[in-house]
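Visitor: Quick one, input_15.txt (compact mmCIF, C-alpha atoms):
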```
# COMPACT_ATOMS: atom_id res chain seq x y z
CA MET A 1 -7.79 -1.79 34.42
CA TYR A 2 -7.63 -4.62 36.98
CA ASP A 3 -11.34 -4.24 37.71
CA GLU A 4 -12.15 -4.28 34.02
CA PHE A 5 -9.95 -7.35 33.62
CA LEU A 6 -11.61 -9.20 36.51
CA GLU A 7 -15.07 -8.33 35.21
CA GLY A 8 -14.06 -9.49 31.75
CA MET A 9 -12.64 -12.76 33.08
CA ALA A 10 -15.84 -13.43 35.00
CA GLU A 11 -17.79 -12.90 31.83
CA ILE A 12 -15.50 -15.19 29.82
CA LEU A 13 -15.73 -17.92 32.44
CA GLU A 14 -19.49 -17.39 32.80
CA ILE A 15 -19.47 -16.81 36.55
CA ASP A 16 -20.71 -13.88 38.65
CA THR A 17 -17.46 -12.72 40.21
CA LEU A 18 -13.86 -13.74 40.73
CA ASN A 19 -10.70 -12.30 42.22
CA GLU A 20 -6.98 -12.57 41.67
CA GLU A 21 -6.76 -15.69 43.83
CA SER A 22 -9.45 -17.57 41.91
CA LYS A 23 -8.42 -20.99 40.61
CA PHE A 24 -10.16 -22.53 37.65
CA ASP A 25 -10.59 -26.01 39.09
CA GLU A 26 -12.21 -24.62 42.23
CA LEU A 27 -14.57 -22.50 40.14
CA ASP A 28 -15.48 -25.47 37.96
CA VAL A 29 -15.14 -23.43 34.77
CA VAL A 30 -14.20 -24.43 31.23
CA TRP A 31 -10.74 -23.19 30.25
CA ASP A 32 -10.81 -24.09 26.57
CA SER A 33 -9.65 -22.49 23.30
CA LEU A 34 -12.67 -20.18 23.16
CA ALA A 35 -11.98 -18.90 26.68
CA ILE A 36 -8.29 -18.48 25.83
CA VAL A 37 -8.98 -16.49 22.66
CA SER A 38 -11.36 -14.24 24.61
CA THR A 39 -8.70 -13.79 27.29
CA ILE A 40 -6.06 -12.84 24.70
CA ALA A 41 -8.40 -10.10 23.50
CA LEU A 42 -9.18 -8.99 27.07
CA LEU A 43 -5.48 -8.73 27.98
CA ASP A 44 -4.82 -6.75 24.81
CA GLN A 45 -7.68 -4.42 25.68
CA CYS A 46 -6.90 -3.96 29.39
CA PHE A 47 -3.11 -4.09 29.49
CA ASP A 48 -2.02 -3.75 25.87
CA ALA A 49 -0.35 -7.12 26.41
CA MET A 50 0.05 -9.88 23.84
CA ILE A 51 0.21 -13.23 25.63
CA PRO A 52 0.68 -16.32 23.45
CA GLY A 53 -2.19 -18.80 23.49
CA SER A 54 0.22 -21.63 24.24
CA GLN A 55 1.22 -19.93 27.52
CA LEU A 56 -2.36 -19.18 28.49
CA ALA A 57 -3.30 -22.81 27.84
CA GLU A 58 -1.00 -23.80 30.74
CA VAL A 59 -2.42 -21.49 33.42
CA SER A 60 -4.86 -22.61 36.06
CA SER A 61 -5.63 -19.39 37.95
CA VAL A 62 -6.24 -15.68 37.49
CA ASN A 63 -2.99 -14.91 39.30
CA GLU A 64 -1.02 -16.93 36.79
CA ILE A 65 -2.54 -14.90 33.96
CA LEU A 66 -1.52 -11.68 35.69
CA SER A 67 1.99 -13.06 36.20
CA LEU A 68 2.29 -13.62 32.45
CA VAL A 69 1.27 -10.01 31.87
CA GLU A 70 3.78 -8.74 34.43
CA SER A 71 6.56 -10.85 32.94
CA GLN A 72 5.99 -9.12 29.63
CA ASN A 73 6.40 -5.64 31.10
CA MET B 1 6.15 -1.19 9.65
CA SER B 2 8.71 -1.45 6.87
CA VAL B 3 10.37 -4.22 8.91
CA LEU B 4 7.16 -6.21 8.93
CA SER B 5 5.90 -5.67 5.41
CA ILE B 6 6.81 -4.65 1.90
CA PRO B 7 4.99 -1.62 0.47
CA SER B 8 4.26 -1.38 -3.23
CA LYS B 9 2.39 1.18 -5.31
CA VAL B 10 1.00 0.44 -8.75
CA SER B 11 -0.67 2.82 -11.18
CA ASN B 12 -2.71 2.62 -14.37
CA VAL B 13 -5.02 -0.11 -13.17
CA LYS B 14 -8.82 -0.15 -13.32
CA LEU B 15 -11.05 -2.47 -11.33
CA ALA B 16 -13.65 -3.29 -13.97
CA GLY B 17 -15.72 -5.69 -11.92
CA ILE B 18 -16.07 -8.38 -9.27
CA ALA B 19 -18.39 -11.38 -9.25
CA ALA B 20 -18.71 -13.76 -6.33
CA ALA B 21 -20.48 -17.10 -6.39
CA VAL B 22 -21.66 -19.27 -3.51
CA PRO B 23 -23.36 -22.67 -3.62
CA LYS B 24 -27.13 -22.68 -3.18
CA ASN B 25 -26.83 -25.26 -0.41
CA ILE B 26 -27.28 -23.45 2.93
CA VAL B 27 -25.91 -25.27 5.98
CA SER B 28 -27.30 -23.92 9.24
CA ASN B 29 -25.88 -24.47 12.72
CA ASP B 30 -28.56 -27.10 13.36
CA TYR B 31 -26.70 -29.43 11.02
CA PHE B 32 -23.91 -29.75 13.58
CA GLU B 33 -26.16 -31.12 16.32
CA ALA B 34 -25.18 -34.55 15.03
CA PHE B 35 -21.57 -33.84 15.98
CA PHE B 36 -21.56 -31.46 18.97
CA GLU B 37 -23.53 -30.53 22.09
CA SER B 38 -25.87 -27.58 21.46
CA THR B 39 -24.03 -25.53 24.09
CA ASP B 40 -20.82 -26.05 22.13
CA ILE B 41 -22.51 -24.98 18.90
CA GLU B 42 -23.86 -21.86 20.59
CA SER B 43 -20.48 -20.94 22.08
CA VAL B 44 -18.63 -21.39 18.80
CA SER B 45 -21.29 -19.52 16.84
CA LYS B 46 -21.29 -16.67 19.34
CA MET B 47 -17.55 -16.20 18.90
CA SER B 48 -17.20 -16.89 15.18
CA GLY B 49 -20.40 -15.10 14.25
CA VAL B 50 -21.27 -17.83 11.75
CA LYS B 51 -24.97 -18.69 11.60
CA THR B 52 -25.09 -20.23 8.14
CA ARG B 53 -22.56 -21.15 5.51
CA ARG B 54 -22.77 -22.41 1.92
CA TRP B 55 -21.24 -25.77 1.04
CA VAL B 56 -20.70 -27.32 -2.36
CA ASP B 57 -21.81 -30.85 -3.21
CA GLU B 58 -19.17 -33.50 -3.82
CA ASN B 59 -19.13 -32.89 -7.58
CA THR B 60 -18.56 -29.14 -7.46
CA THR B 61 -15.04 -27.73 -7.22
CA THR B 62 -13.46 -24.41 -6.46
CA GLY B 63 -12.71 -24.11 -10.16
CA ASP B 64 -16.42 -24.52 -10.92
CA LEU B 65 -17.40 -21.67 -8.57
CA CYS B 66 -14.75 -19.42 -10.07
CA TYR B 67 -15.74 -20.39 -13.60
CA GLN B 68 -19.39 -19.47 -12.98
CA SER B 69 -18.26 -16.15 -11.50
CA ALA B 70 -16.01 -15.43 -14.47
CA LEU B 71 -18.66 -16.36 -17.01
CA LYS B 72 -21.19 -13.99 -15.45
CA LEU B 73 -18.68 -11.20 -15.02
CA LEU B 74 -17.40 -11.38 -18.59
CA SER B 75 -20.96 -11.36 -19.86
CA GLU B 76 -21.86 -8.30 -17.75
CA LEU B 77 -18.72 -6.47 -18.83
CA GLY B 78 -19.13 -7.45 -22.47
CA TRP B 79 -15.59 -8.78 -22.52
CA GLU B 80 -14.76 -11.45 -25.08
CA PRO B 81 -12.46 -14.18 -23.69
CA SER B 82 -10.08 -13.48 -26.57
CA THR B 83 -9.38 -10.04 -25.09
CA ILE B 84 -8.04 -11.43 -21.78
CA ASP B 85 -4.28 -11.63 -21.52
CA GLY B 86 -3.85 -13.16 -18.09
CA LEU B 87 -5.58 -15.45 -15.59
CA ILE B 88 -4.49 -15.97 -12.00
CA PHE B 89 -6.22 -18.70 -10.00
CA ILE B 90 -5.76 -18.43 -6.23
CA SER B 91 -6.82 -21.26 -3.98
CA GLN B 92 -5.71 -23.80 -1.41
CA THR B 93 -8.37 -26.25 -2.54
CA PRO B 94 -7.62 -26.44 -6.28
CA ASP B 95 -9.23 -28.89 -8.67
CA PHE B 96 -5.91 -30.72 -9.13
CA LEU B 97 -2.52 -31.07 -7.54
CA LEU B 98 -1.37 -30.90 -11.15
CA PRO B 99 -1.94 -29.41 -13.66
CA PRO B 100 -2.70 -25.93 -12.38
CA THR B 101 -6.45 -25.31 -12.16
CA ALA B 102 -5.78 -22.17 -14.21
CA MET B 103 -5.32 -24.50 -17.22
CA ARG B 104 -8.78 -26.01 -16.81
CA LEU B 105 -10.29 -22.54 -16.45
CA HIS B 106 -8.32 -21.25 -19.43
CA LYS B 107 -9.85 -24.04 -21.52
CA LYS B 108 -13.40 -23.67 -20.17
CA LEU B 109 -13.35 -19.91 -20.69
CA GLU B 110 -12.01 -20.43 -24.22
CA MET B 111 -9.17 -18.00 -23.73
CA LYS B 112 -6.52 -17.45 -26.39
CA THR B 113 -3.16 -19.21 -26.33
CA ALA B 114 -1.25 -15.93 -26.25
CA SER B 115 -2.07 -15.49 -22.58
CA ILE B 116 -0.52 -15.99 -19.16
CA ALA B 117 -2.20 -18.39 -16.73
CA PHE B 118 -1.00 -19.81 -13.42
CA ASP B 119 -2.06 -20.84 -9.93
CA VAL B 120 -1.14 -19.19 -6.66
CA ASN B 121 -1.29 -21.22 -3.46
CA LEU B 122 -2.40 -18.69 -0.87
CA GLY B 123 -5.37 -18.59 1.48
CA CYS B 124 -6.76 -15.77 3.56
CA SER B 125 -4.17 -13.23 2.37
CA GLY B 126 -4.42 -14.28 -1.26
CA TYR B 127 -6.87 -11.79 -2.70
CA PRO B 128 -4.83 -8.57 -2.33
CA TYR B 129 -1.79 -10.60 -3.44
CA GLY B 130 -3.67 -11.62 -6.56
CA LEU B 131 -4.64 -8.04 -7.34
CA TRP B 132 -1.03 -6.98 -6.84
CA LEU B 133 0.24 -9.63 -9.25
CA ALA B 134 -2.41 -8.73 -11.81
CA SER B 135 -1.59 -5.02 -11.45
CA LEU B 136 2.07 -5.72 -12.11
CA MET B 137 1.18 -7.84 -15.15
CA LEU B 138 -0.80 -4.90 -16.51
CA GLN B 139 2.39 -2.82 -16.56
CA SER B 140 3.58 -4.99 -19.47
CA ASP B 141 2.94 -3.52 -22.90
CA ASP B 142 1.04 -6.52 -24.23
CA VAL B 143 -1.10 -7.22 -21.17
CA ASN B 144 -4.29 -5.17 -21.03
CA ARG B 145 -6.82 -7.36 -19.26
CA VAL B 146 -6.33 -9.84 -16.43
CA LEU B 147 -8.75 -12.06 -14.52
CA VAL B 148 -8.11 -12.93 -10.88
CA LEU B 149 -10.09 -16.02 -9.92
CA ALA B 150 -10.02 -16.62 -6.17
CA GLY B 151 -11.94 -19.28 -4.30
CA ASP B 152 -11.92 -22.13 -1.86
CA THR B 153 -14.04 -25.12 -0.92
CA ILE B 154 -12.73 -25.67 2.58
CA SER B 155 -15.77 -27.80 3.42
CA LYS B 156 -13.96 -30.61 1.57
CA VAL B 157 -11.01 -30.59 3.96
CA VAL B 158 -12.53 -30.06 7.41
CA ASP B 159 -13.16 -32.83 9.89
CA PRO B 160 -16.85 -32.56 10.86
CA HIS B 161 -15.88 -33.63 14.39
CA ASP B 162 -13.31 -30.87 14.87
CA ARG B 163 -14.99 -28.04 16.75
CA ALA B 164 -12.25 -25.57 15.81
CA THR B 165 -12.92 -25.77 12.07
CA ALA B 166 -16.11 -27.72 11.27
CA MET B 167 -18.55 -24.86 11.78
CA LEU B 168 -16.35 -21.96 10.73
CA PHE B 169 -15.80 -22.35 7.01
CA GLY B 170 -17.94 -21.83 3.93
CA ASP B 171 -17.31 -22.28 0.22
CA ALA B 172 -17.18 -19.53 -2.38
CA GLY B 173 -15.54 -18.56 -5.64
CA SER B 174 -14.94 -15.23 -7.29
CA ALA B 175 -13.76 -13.51 -10.41
CA THR B 176 -12.22 -10.05 -10.58
CA ALA B 177 -11.56 -8.24 -13.83
CA LEU B 178 -8.74 -5.71 -14.07
CA GLU B 179 -7.64 -3.72 -17.05
CA TYR B 180 -5.01 -1.19 -17.97
CA SER B 181 -6.10 2.41 -17.58
CA ASP B 182 -4.51 5.62 -18.80
CA LYS B 183 -5.54 7.30 -15.56
CA GLN B 184 -2.67 7.74 -13.13
CA VAL B 185 -4.61 6.30 -10.23
CA SER B 186 -2.47 4.58 -7.61
CA TRP B 187 -3.25 1.35 -5.82
CA SER B 188 -1.25 1.04 -2.59
CA PHE B 189 -0.29 -2.43 -1.38
CA VAL B 190 1.41 -3.73 1.75
CA MET B 191 2.45 -7.38 2.05
CA GLY B 192 4.35 -9.62 4.43
CA THR B 193 5.15 -13.17 5.42
CA ASP B 194 6.15 -15.08 8.55
CA GLY B 195 6.84 -18.75 7.95
CA ASN B 196 6.76 -19.42 11.69
CA GLY B 197 3.04 -19.89 11.28
CA VAL B 198 3.40 -22.87 8.97
CA ASP B 199 2.18 -25.40 11.54
CA ASN B 200 -0.66 -23.36 13.02
CA LEU B 201 -3.08 -23.57 10.09
CA VAL B 202 -2.26 -26.59 7.99
CA ILE B 203 -3.35 -29.90 6.50
CA PRO B 204 -0.27 -31.84 7.61
CA ASP B 205 -0.79 -34.82 5.31
CA SER B 206 -1.90 -33.06 2.14
CA GLY B 207 1.18 -33.17 -0.07
CA PHE B 208 4.36 -35.16 -0.39
CA ILE B 209 5.96 -34.43 2.97
CA LYS B 210 5.89 -37.33 5.42
CA ASN B 211 5.31 -37.21 9.19
CA PHE B 212 5.02 -33.43 9.32
CA MET B 213 3.97 -32.51 12.88
CA ALA B 214 3.93 -36.23 13.73
CA ARG B 215 5.11 -35.48 17.28
CA ASP B 216 2.97 -32.40 17.77
CA LYS B 217 0.65 -33.02 20.72
CA ARG B 218 -1.91 -30.58 19.34
CA LEU B 219 -2.69 -33.19 16.69
CA ASN B 220 -3.25 -36.05 19.12
CA ASP B 221 -6.98 -36.22 18.51
CA LYS B 222 -6.89 -34.81 14.98
CA LYS B 223 -6.82 -36.36 11.54
CA SER B 224 -3.60 -35.46 9.72
CA ASP B 225 -5.34 -35.29 6.34
CA ARG B 226 -7.88 -32.73 7.59
CA LEU B 227 -7.47 -29.02 8.27
CA PHE B 228 -5.84 -28.26 11.61
CA MET B 229 -6.12 -24.78 13.10
CA ASP B 230 -4.57 -23.49 16.31
CA GLY B 231 -7.08 -20.69 16.82
CA THR B 232 -5.26 -19.06 19.71
CA GLU B 233 -1.98 -18.77 17.80
CA ILE B 234 -3.83 -17.43 14.76
CA PHE B 235 -5.51 -14.85 16.95
CA ASN B 236 -2.17 -13.76 18.44
CA PHE B 237 -0.71 -13.43 14.95
CA THR B 238 -3.67 -11.36 13.77
CA LEU B 239 -3.52 -8.95 16.70
CA LYS B 240 0.18 -8.45 16.11
CA THR B 241 0.00 -8.02 12.35
CA VAL B 242 -3.24 -6.45 11.19
CA PRO B 243 -3.22 -3.12 13.10
CA PRO B 244 0.20 -2.11 11.71
CA LEU B 245 -0.85 -3.35 8.29
CA VAL B 246 -3.86 -1.04 8.26
CA SER B 247 -1.89 1.73 9.93
CA HIS B 248 0.55 1.64 7.03
CA LEU B 249 -2.22 2.26 4.53
CA VAL B 250 -3.89 4.99 6.54
CA ASN B 251 -0.97 6.77 8.17
CA GLU B 252 2.17 6.15 6.12
CA TYR B 253 0.44 6.28 2.75
CA GLY B 254 -1.87 9.01 4.10
CA ILE B 255 -4.99 7.54 2.53
CA ASP B 256 -8.42 8.52 3.83
CA VAL B 257 -10.05 5.11 3.88
CA GLY B 258 -13.82 5.12 4.27
CA ARG B 259 -14.48 1.42 4.05
CA PHE B 260 -12.42 -1.55 5.26
CA TYR B 261 -13.00 -4.99 3.78
CA PHE B 262 -11.35 -7.37 6.20
CA HIS B 263 -10.93 -11.06 5.54
CA GLN B 264 -13.92 -12.62 7.26
CA ALA B 265 -11.89 -14.76 9.66
CA ASN B 266 -14.04 -14.65 12.75
CA LEU B 267 -16.50 -12.00 13.96
CA PHE B 268 -14.99 -11.73 17.44
CA MET B 269 -11.59 -11.13 15.88
CA ILE B 270 -12.87 -8.55 13.39
CA ASN B 271 -14.72 -6.63 16.10
CA HIS B 272 -11.70 -6.65 18.40
CA LEU B 273 -9.43 -5.41 15.60
CA ARG B 274 -11.92 -2.72 14.66
CA LYS B 275 -12.09 -1.40 18.23
CA LYS B 276 -8.32 -1.61 18.64
CA MET B 277 -7.80 0.40 15.46
CA LYS B 278 -10.57 2.83 16.44
CA VAL B 279 -12.43 2.32 13.18
CA PRO B 280 -16.20 2.97 13.31
CA GLU B 281 -18.45 -0.08 12.99
CA SER B 282 -20.18 1.41 9.95
CA ALA B 283 -16.87 1.39 8.06
CA VAL B 284 -16.30 -2.33 8.55
CA PRO B 285 -18.94 -4.44 6.81
CA THR B 286 -19.21 -8.13 7.66
CA ASN B 287 -21.05 -11.07 6.19
CA ILE B 288 -19.48 -13.97 8.06
CA ASP B 289 -22.87 -14.61 9.67
CA LEU B 290 -24.29 -15.66 6.31
CA PHE B 291 -21.34 -17.26 4.53
CA GLY B 292 -18.80 -18.25 7.18
CA ASN B 293 -15.08 -17.86 6.62
CA THR B 294 -14.64 -18.41 2.89
CA SER B 295 -10.85 -18.15 2.94
CA VAL B 296 -9.42 -16.36 -0.11
CA ALA B 297 -12.91 -15.60 -1.43
CA SER B 298 -14.07 -13.72 1.65
CA ILE B 299 -12.92 -10.25 0.57
CA PRO B 300 -14.34 -10.34 -2.98
CA LEU B 301 -17.54 -11.92 -1.62
CA LEU B 302 -17.82 -9.14 0.95
CA PHE B 303 -17.12 -6.44 -1.62
CA ALA B 304 -19.60 -7.92 -4.08
CA THR B 305 -22.41 -8.00 -1.51
CA ASP B 306 -21.72 -4.74 0.33
CA ASN B 307 -24.00 -1.72 0.03
CA LEU B 308 -21.15 0.64 -0.65
CA CYS B 309 -22.31 4.23 -0.80
CA LYS B 310 -20.07 5.52 -3.57
CA ASP B 311 -20.77 9.17 -2.88
CA GLU B 312 -19.58 9.00 0.72
CA VAL B 313 -16.40 6.99 0.36
CA ASP B 314 -13.33 8.07 -1.62
CA HIS B 315 -11.06 5.14 -0.86
CA ILE B 316 -11.59 1.57 0.25
CA ALA B 317 -9.11 -0.83 1.79
CA MET B 318 -8.89 -4.60 1.81
CA ALA B 319 -6.86 -6.69 4.23
CA GLY B 320 -6.24 -10.42 4.13
CA PHE B 321 -4.33 -12.35 6.81
CA GLY B 322 -3.92 -15.92 7.93
CA VAL B 323 -2.49 -19.20 6.72
CA GLY B 324 1.27 -19.10 6.34
CA TYR B 325 1.46 -16.72 8.10
CA SER B 326 0.83 -14.35 5.24
CA TRP B 327 -0.77 -10.92 5.12
CA SER B 328 -1.57 -8.30 2.54
CA ALA B 329 -3.58 -5.13 2.23
CA LEU B 330 -4.60 -2.78 -0.50
CA ALA B 331 -6.06 0.72 -0.60
CA MET B 332 -7.64 2.01 -3.78
CA PRO B 333 -9.95 4.82 -4.85
CA VAL B 334 -13.60 3.91 -5.31
CA ASP B 335 -14.51 3.57 -8.96
CA ASN B 336 -18.19 4.20 -9.63
CA ASP B 337 -18.05 2.07 -12.76
CA THR B 338 -16.92 -1.12 -11.03
CA LYS B 339 -19.50 -3.87 -11.54
CA ARG B 340 -20.33 -5.93 -8.47
CA ILE B 341 -22.20 -9.18 -8.93
CA PHE B 342 -23.37 -11.84 -6.48
CA LEU B 343 -24.65 -15.19 -7.69
CA GLU B 344 -25.81 -18.51 -6.27
CA VAL B 345 -24.88 -21.57 -8.31
```
How does this structure look as structure tokens?
Guide:
Amino acid sequence: MYDEFLEGMAEILEIDTLNEESKFDELDVVWDSLAIVSTIALLDQCFDAMIPGSQLAEVSSVNEILSLVESQN
Amino acid sequence: MSVLSIPSKVSNVKLAGIAAAVPKNIVSNDYFEAFFESTDIESVSKMSGVKTRRWVDENTTTGDLCYQSALKLLSELGWEPSTIDGLIFISQTPDFLLPPTAMRLHKKLEMKTASIAFDVNLGCSGYPYGLWLASLMLQSDDVNRVLVLAGDTISKVVDPHDRATAMLFGDAGSATALEYSDKQVSWSFVMGTDGNGVDNLVIPDSGFIKNFMARDKRLNDKKSDRLFMDGTEIFNFTLKTVPPLVSHLVNEYGIDVGRFYFHQANLFMINHLRKKMKVPESAVPTNIDLFGNTSVASIPLLFATDNLCKDEVDHIAMAGFGVGYSWSALAMPVDNDTKRIFLEV
């Protein structure tokens, strides 16, 4: 699931690869409402997790997204 | 599911016909190059699925689109206006704040005075709600025919500079004719409401309330008299609500649904819901690419334009969800006699 999630995040952010430590500002990616909606769907698909868009809007790294998922479990 | 929604079954109702009308004016994505970067247009179109939409001119109203639909439908059915006992107009972009637009339509259609006519202010969920209300009206002894007129002209309330809404919506109107039937055929409804969504899809300055959401940072660069949509919150709501809504129809009511007419909210959303609910792609028609999100008209517009193979499908389902939050769904048997009409006006 983590691999699928990381692949999906790379696709959403339109980059080749990323890992759990990746930070958005270092990757120079756009973290906008379209990316957030896609991420909500990806998290639902990979982890059966429903993370509010308002919380995702505040994150700045892949690790922070995963922390939100873990906090829901 | 019973915690989330109210189930309701109604019998003795026949769906005589549906007509849906769209404006002739086709607005392609190129139009928006005056407002957005082409990469933005591509990204939004890729997610929403909208390639073209139909917009009315400034002199055409939602009532006009519904009137044209009703006129054509009544003509095709051979129904005289004097035989109609009820008219429900459902819209969030009515012709007036007051009187109800249903009054204007009642007059234009030359309906009799011994009839019931009123407006319902609902959006994306409004169509199944309208059919539910009409079905209940038909349980009265003196009500035998009801028209449900559902439409919206959201193009009149979007800010062309707001990427979240400008390219998503189209205009459409519809008319649906229901009549009492002696056949004990059941229509199964499920409906629910969550007022916590009131500020996630809203025109803050559209009525008499003052300073609604005045301190909401999400509106910092928005116009308060234009449609505001928090797409991420709407998406969360949809994921949480729609699968159990459909599950209720299929599992708790035990209905073998062969065709699902979902509100055409956004193609990405519809596809994700479809996969999540493990419904085959062939059972979920879409037309958002051609018409955009037409709010309350999207389900009747989809039904009117779908190539439904009547021999292969016993039951169809409709599901509307969105502004409010509000949601509703309906499962009904396919009736081979139902007229389906699409018109451009």
Visitor: Taking into account only C-alpha atoms, which residue in the set A:Met9, A:Ile40, A:Cys46, A:Leu68 is nearest to Lys23 (chain A)?
Guide: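 Ranked by minimum distance to Lys23 (chain A), first place goes to A:Met9.
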Visitor: Dig up all the protein and nucleic acid residues within 9 Å of (-4.6, -4.2, 36.6) in the file frame, using only C-alpha atoms, and format them as a list in words.
Guide: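 Every polymer residue passing the test: Met1, Tyr2, Asp3, Glu4, Phe5, Leu6, Cys46, Phe47 and Leu66 of chain A.
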Visitor: Compile the contact shell of region 177-191 of chain B as a count of residues only: residues with an atom at most 8 Å away, counting only C-alpha atoms, same-chain residues fewer than 2 positions apart removed.
Guide: 42
Visitor: Would you tabulate, counting all atoms listed in the file, all residues of chain A that have an atom at most 9 Å from an atom of chain B, showing the closest pair of atoms and their distance in Å to one decimal, sorted by chain then ascending number, as CSV?
Guide:
```
residue,atom,partner,partner_atom,distance
A:Ser33,CA,B:Thr232,CA,6.6
A:Leu34,CA,B:Val44,CA,7.5
A:Ile36,CA,B:Thr232,CA,6.9
A:Val37,CA,B:Thr232,CA,5.4
A:Ser38,CA,B:Phe268,CA,8.4
A:Ile40,CA,B:Asn236,CA,7.4
A:Ala41,CA,B:His272,CA,7.0
A:Asp44,CA,B:Leu239,CA,8.5
A:Gln45,CA,B:Lys276,CA,7.6
A:Met50,CA,B:Asn236,CA,7.0
A:Ile51,CA,B:Asn236,CA,7.6
A:Pro52,CA,B:Asn236,CA,6.3
A:Gly53,CA,B:Thr232,CA,4.9
A:Ser54,CA,B:Glu233,CA,7.4
```
Visitor: Set the distance at 12 Å and use all atoms listed in the file: which residues neighbour Glu80 (chain B) once local chain neighbours fewer than 4 positions away are removed? I'd like the list as a VMD selection string.
Guide: chain B and resid 70 to 76 84 to 85 109 to 112 145
Visitor: Quick one, how far is CA of Ser69 (chain B) from CA of Thr286 (chain B)?
Guide: 20.8 Å
Visitor: Name the residues in contact with Cys66 (chain B) at a cut-off of 7 Å, using all atoms listed in the file, excluding same-chain residues fewer than 3 positions from it; report them as a list in words.
Guide: Thr62, Gly63, Ser69, Ala70, Leu149, Ala150, Gly151, Gly173, Ser174 and Ala175 of chain B
Visitor: What is the distance, in Å and to one decimal place, between CA of Leu133 (chain B) and CA of Asn200 (chain B)?
Guide: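 CA of Asn200 (chain B) lies 26.2 Å from CA of Leu133 (chain B).
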Visitor: Between A:Ser67, A:Gln55, A:Thr39, A:Ser61, which one has atoms that come closest to Leu27 (chain A), using all atoms listed in the file?
Guide: A:Ser61
Visitor: Give me, please, the distance in Å between CA of Thr338 (chain B) and CA of Ala304 (chain B), quoted to one decimal.
Guide: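 Between CA of Thr338 (chain B) and CA of Ala304 (chain B) the gap is 10.1 Å.
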Visitor: With distances taken over all atoms listed in the file, which of A:Asp32, A:Glu70, A:Glu26, A:Glu14 is nearest to Ala57 (chain A)?
Guide: A:Asp32
Visitor: In terms of the shortest atom-to-atom distance over all atoms listed in the file, which of B:Asn266, B:Pro100, B:Leu227, B:Asp119 is closest to Lys46 (chain B)?
Guide: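 Checking each of B:Asn266, B:Pro100, B:Leu227, B:Asp119 against Lys46 (chain B), counting all atoms listed in the file, the winner is B:Asn266.
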Visitor: Select, from B:Leu290, B:Ile270, B:Ile341, B:Ala297, the residue with the minimum atom-to-atom distance to Thr93 (chain B), counting all atoms listed in the file.
Guide: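 Selected residue with least distance to Thr93 (chain B): B:Ala297.
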Visitor: For Leu13 (chain A), find every residue with an atom within 8 Å (counting only C-alpha atoms), except residues of its own chain fewer than 4 positions away, and show them as a VMD selection string.
Guide: chain A and resid 9 29 to 31 35
Visitor: For Ala265 (chain B), list every protein, DNA or RNA residue within 10 Å, evaluated using only C-alpha atoms, and leave out those in the same chain fewer than 4 positions away; present the list as a count of residues only.
Guide: 19
